[in-house]
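Accompanying notes for the structure given below.
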Amino acid sequence: MVHQHNRIDSWLFGFMAGLVALGLLAIFSASNGVGQTDLFYKQFSWFGIGLIVMALIYYSDYRKIMEYAYFFYACGIFLLLLVLLFGTEVAGATSWLRIGFVSLQPSEMAKVTTILALARYLSSDKTDISSIQHVVVALTIALVPALLVTLQPDMGTTLTYLSFIFPIMIMAGFNVYYLLLLLLPFVLTVMGFFNIYLLVFFSAAGFALLFYLRKGFRFSQLAVSLGGLAGGFLTMRFAGDILKPHQMKRIQTFLDPMSDPQGAGYNALQAKIAIGSGGLLGKGFLEGTQTQLRFIPAQWTDFIFCVIGEEMGLVGTMTLLGLFLALLLRLLWHVGIIKNKFVELTLVGFVSLWLAHVLINVGMTIGLFPVIGVPLPFLSYGGSSLLANMAMVALALNFHRNKRNLGY
C-alpha cells in the first residue's frame with residue numbers, strides 16, 4: 001500500500017516565491033526607465049506557466065521520474081544539437097531556438113535533465129564507484145552537454161554545468177583524491193586564460209591538496225600538477241586563438257577594469273557604482289539613477305543584482321542572499337532526511353548548480369569574477385531559466401511529498 005505525505009513543503013515554496021517576487025519587482029523597475037515594461041508582463045506570464053509545470057511535476061509518479069531520467073537526458077541532448085543546427089544567435093552565442101513567437105534556451109532545460117541522468121546512473125546498484133570505467137561513463141554523461149554548450153559558444157553556461165559534477169560524484173562515494181587527479185589539469189588549463197600568478201598559485205595549491213589527501217608523495221601527483229601547469233601555459237600562449245575577442249577583453253578588464261572604462265570594463269564599473277550607491281536602505285523603488293537612466297545594459301538579465309542593490313540597498317541584497325541560503329539549506333535538509341540515493345544525488349546537484357549561479361552572478365557584479373553571461377536564478381529575465389528553476393523546485397517538492405515511500 002502506498003502512503004503519501006500530501007502536505008506541500010511550504011517553506012521551500014515560500015523561499016522560491018520570495019525570490020521570484022523580488023525578481024519581478026526588479027525587472028519592472030529596470031525596464032520601466034526605458035519604456036519596456038512589457039518585459040515584466042512577459043516574465044509574469046512565464047511565472048504563471050511555471051506554476052502549471054510545477055503542478056504537473058508535483059503530482060507525477062516519482063518512480064516515473066527516475067525511470068525516464070535517461071529519456072529526458074536524450075531529449076536535452078537532442079535540443080542542444082538542434083540549437084547548433086538551427087539556433088538563433090543572440091549576443092555572440094547561438095543559444096536559442098525560435099518556435100513560433102517563443103524563444104527557448106535548451107541549455108537551461110538540459111541542466112536539469114543532465115543532473116537527473118547523472119543521479120540515475122550513480123544511484124544504480126550496477127554502478128561500481130571503484131571502477132574507472134564507471135567514472136568515465138559518469139563524466140561523459142555530464143561533459144557531453146557541457147561540450148555542446150561550449151560549441152554555441154556559451155562559456156558562462158558551460159561553467160555552471162561543470163559545477164555539479166564534482167559534488168554529485170563525491171556524494172555518490174567516489175574517492176575525492178582520484179577525482180581531484182582528474183579535475184586538476186582541467187582547472188589549471190582554464191587558469192591559463194587569466195594570468196601566470198593564478199596559474200602558479202592553483203598549481204601549488206592543487207599539488208599540496210593531493211599530497212595532504214594521500215598522506216604522502218606519489219609520482220602521479222607531480223605528473224598531474226606539471227601536466228596541468230603545461231596546459232595552463234599553452235592556454236596562455238594560444239588564448240587569443242581559442243577565445244573570441246570580446247571574451248578576451250572581458251578577462252583583461254576583470255583584471256584591470258580601468259584599462260577600458262568606456263568599453264569592456266564599463267559594465268563592471270557601473271555595476272559596482274550602482275550597488276555601492278544604494279547604501280543601507282537603497283534609493284527606493286523606481287528611484288535608482290543607474291537603473292532608471294540605464295547606465296547598465298541588460299540590467300534585467302545578468303545584472304539584475306545591481307537593481308536590488310541600488311534601489312533596496314544592503315537590506316535588500318541581504319534579504320535576497322538570505323532567501324537563497326534558506327532555499328539551499330532547505331534542500332540539504334531534504335538530502336538528510338530522505339534516504340534515497342537518487343533523491344540525494346539529484347538535490348545535491350540542484351544545490352551545487354544554484355550555488356554556482358549565485359556566486360558567479362553576484363561575484364561578477366561586485367568585481368570578484370569576470371563578466372560572464374550567467375543569470376541569477378528566479379530573478380533574471382528569461383522564461384527558459386525561470387521554468388528550469390521552478391521545475392527543480394517542483395521535483396524537490398515531489399520528493400518531499402513521497403518521502404515515506406522513498407525512505408524516511
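Residue numbering restarts at 1 for every chain of the C-alpha cells, chains are lettered A, B, ... in their displayed order, and ligands are numbered from 1 as they appear.
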Item to check | Shell of 8 Å around Ser107 in chain A, only C-alpha atoms, local chain residues under 5 positions omitted, as a list in words | outcome: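 Surrounding residues, per the criterion: Gly76, Leu80, Ser95, Val149 and Thr157 of chain A.
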Can you write out the residues you just picked, keeping C-alpha atoms, as a CSV table (one decimal), in the first residue's frame?
```
chain,number,residue,atom,x,y,z
A,76,GLY,CA,18.0,17.6,-23.7
A,80,LEU,CA,21.2,21.2,-27.8
A,95,SER,CA,21.9,29.5,-27.7
A,149,VAL,CA,27.0,24.3,-24.9
A,157,THR,CA,26.6,28.3,-19.0
```
Next on the checklist: Neighbouring residues of range 53-67 of chain A were defined as those with any atom within 10 Å, considering only C-alpha atoms; residues of the same chain fewer than 6 positions away were excluded. Please report them as a list in words.
Outcome noted: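 Near range 53-67 of chain A, the qualifying residues are Asn6, Ile8, Phe47, Leu116, Ala117, Ala119, Arg120, Phe342, Val343, Leu387, Ala388, Met390, Ala391, Met392, Val393, Ala394, Leu395, Ala396, Leu397, Asn398, Phe399, His400, Arg401, Asn402, Lys403, Asn405 and Leu406 of chain A.
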Only N, CA and C atoms, please: the residues just picked out, written as a CSV table (one decimal), in the first residue's frame.
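Resulting contents of result.csv:
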```csv
chain,number,residue,atom,x,y,z
A,6,ASN,N,1.1,14.2,1.8
A,6,ASN,CA,0.5,15.1,0.9
A,6,ASN,C,0.7,16.6,1.2
A,8,ILE,N,2.4,20.0,1.3
A,8,ILE,CA,3.4,20.6,0.5
A,8,ILE,C,4.5,21.2,1.4
A,47,PHE,N,6.0,33.0,-15.3
A,47,PHE,CA,5.8,32.5,-13.9
A,47,PHE,C,4.5,31.7,-13.8
A,116,LEU,N,19.5,14.8,-13.5
A,116,LEU,CA,18.7,13.6,-13.3
A,116,LEU,C,19.4,12.3,-13.9
A,117,ALA,N,20.0,12.4,-15.1
A,117,ALA,CA,20.6,11.3,-15.7
A,117,ALA,C,21.8,10.9,-14.9
A,119,ALA,N,22.4,11.4,-11.7
A,119,ALA,CA,21.9,10.8,-10.4
A,119,ALA,C,21.4,9.4,-10.6
A,120,ARG,N,20.7,9.2,-11.8
A,120,ARG,CA,20.1,7.9,-12.1
A,120,ARG,C,21.3,6.9,-12.2
A,342,PHE,N,19.0,8.2,-5.3
A,342,PHE,CA,18.7,9.1,-6.5
A,342,PHE,C,18.3,10.5,-6.0
A,343,VAL,N,17.5,10.5,-5.0
A,343,VAL,CA,17.0,11.8,-4.5
A,343,VAL,C,18.2,12.6,-3.9
A,387,LEU,N,11.6,28.7,-15.9
A,387,LEU,CA,10.9,27.4,-16.0
A,387,LEU,C,11.8,26.2,-15.5
A,388,ALA,N,13.1,26.3,-15.9
A,388,ALA,CA,14.0,25.2,-15.4
A,388,ALA,C,14.2,25.3,-13.9
A,390,MET,N,12.1,26.6,-11.6
A,390,MET,CA,10.8,26.2,-11.0
A,390,MET,C,10.6,24.7,-11.1
A,391,ALA,N,11.1,24.1,-12.2
A,391,ALA,CA,11.0,22.6,-12.3
A,391,ALA,C,11.8,21.9,-11.3
A,392,MET,N,13.0,22.4,-11.0
A,392,MET,CA,13.8,21.8,-10.0
A,392,MET,C,13.2,21.9,-8.6
A,393,VAL,N,12.5,23.1,-8.3
A,393,VAL,CA,11.8,23.2,-7.0
A,393,VAL,C,10.7,22.2,-7.0
A,394,ALA,N,10.0,22.0,-8.1
A,394,ALA,CA,8.8,21.1,-8.2
A,394,ALA,C,9.3,19.7,-7.9
A,395,LEU,N,10.5,19.3,-8.5
A,395,LEU,CA,11.0,17.9,-8.2
A,395,LEU,C,11.3,17.7,-6.8
A,396,ALA,N,11.9,18.8,-6.1
A,396,ALA,CA,12.1,18.7,-4.7
A,396,ALA,C,10.8,18.5,-3.9
A,397,LEU,N,9.8,19.3,-4.3
A,397,LEU,CA,8.5,19.2,-3.6
A,397,LEU,C,7.9,17.8,-3.8
A,398,ASN,N,8.1,17.2,-5.0
A,398,ASN,CA,7.6,15.9,-5.3
A,398,ASN,C,8.3,14.9,-4.4
A,399,PHE,N,9.6,15.0,-4.2
A,399,PHE,CA,10.3,14.0,-3.4
A,399,PHE,C,9.8,14.2,-1.9
A,400,HIS,N,9.6,15.4,-1.5
A,400,HIS,CA,9.1,15.7,-0.1
A,400,HIS,C,7.7,15.0,0.0
A,401,ARG,N,6.9,15.2,-1.0
A,401,ARG,CA,5.5,14.6,-0.9
A,401,ARG,C,5.5,13.1,-0.8
A,402,ASN,N,6.5,12.5,-1.4
A,402,ASN,CA,6.6,11.0,-1.5
A,402,ASN,C,7.7,10.4,-0.5
A,403,LYS,N,8.1,11.2,0.4
A,403,LYS,CA,9.3,10.9,1.2
A,403,LYS,C,9.1,9.6,2.0
A,405,ASN,N,7.6,6.9,1.0
A,405,ASN,CA,7.9,5.8,0.0
A,405,ASN,C,9.3,5.7,-0.4
A,406,LEU,N,10.0,6.9,-0.4
A,406,LEU,CA,11.4,6.9,-0.9
A,406,LEU,C,12.3,6.5,0.2
```
Item to check | Separation of CA of Leu97 in chain A from CA of Ala110 in chain A, in Å and rounded to one decimal | outcome: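 Computing the Euclidean distance for CA of Leu97 in chain A and CA of Ala110 in chain A yields 13.4 Å.
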Item to check | Residue nearest Asn32 in chain A among A:Leu359, A:Val307, A:Leu213, A:Leu328 (counting only C-alpha atoms) | outcome: A:Val307
Item to check | Long-range neighbours of Leu159 in chain A as a list in words, 10 Å cut-off, only C-alpha atoms, 6 positions minimum in chain | outcome: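 The filter keeps Ala146, Val149, Thr150, Leu353, Ala356, His357, Ile360, Ile372 and Val374 of chain A.
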Saved selection, atoms kept: C-alpha atoms, as a PDB file, in the first residue's frame:
```pdb
ATOM      1  CA  ALA A 146      28.717  20.842 -21.481  1.00  0.00           C
ATOM      2  CA  VAL A 149      27.020  24.316 -24.904  1.00  0.00           C
ATOM      3  CA  THR A 150      30.694  25.276 -25.334  1.00  0.00           C
ATOM      4  CA  LEU A 353      24.062  24.398  -9.625  1.00  0.00           C
ATOM      5  CA  ALA A 356      27.421  28.299  -8.699  1.00  0.00           C
ATOM      6  CA  HIS A 357      24.884  30.593 -10.397  1.00  0.00           C
ATOM      7  CA  ILE A 360      29.241  33.719 -10.392  1.00  0.00           C
ATOM      8  CA  ILE A 372      30.104  36.134 -17.606  1.00  0.00           C
ATOM      9  CA  VAL A 374      25.090  33.678 -16.129  1.00  0.00           C
TER      10      VAL A 374
END
```
Checklist entry - Taking only C-alpha atoms into account, which of A:Gln105, A:Ser380, A:Ser123, A:Gln36 comes nearest Met169 in chain A? => result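 Looking at the shortest contact to Met169 in chain A, the residue is A:Ser123.
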Item to check | Pick from A:Ile165, A:Val371, A:Met16, A:Ala30 nearest to Leu269 in chain A, counting only C-alpha atoms | outcome: A:Val371
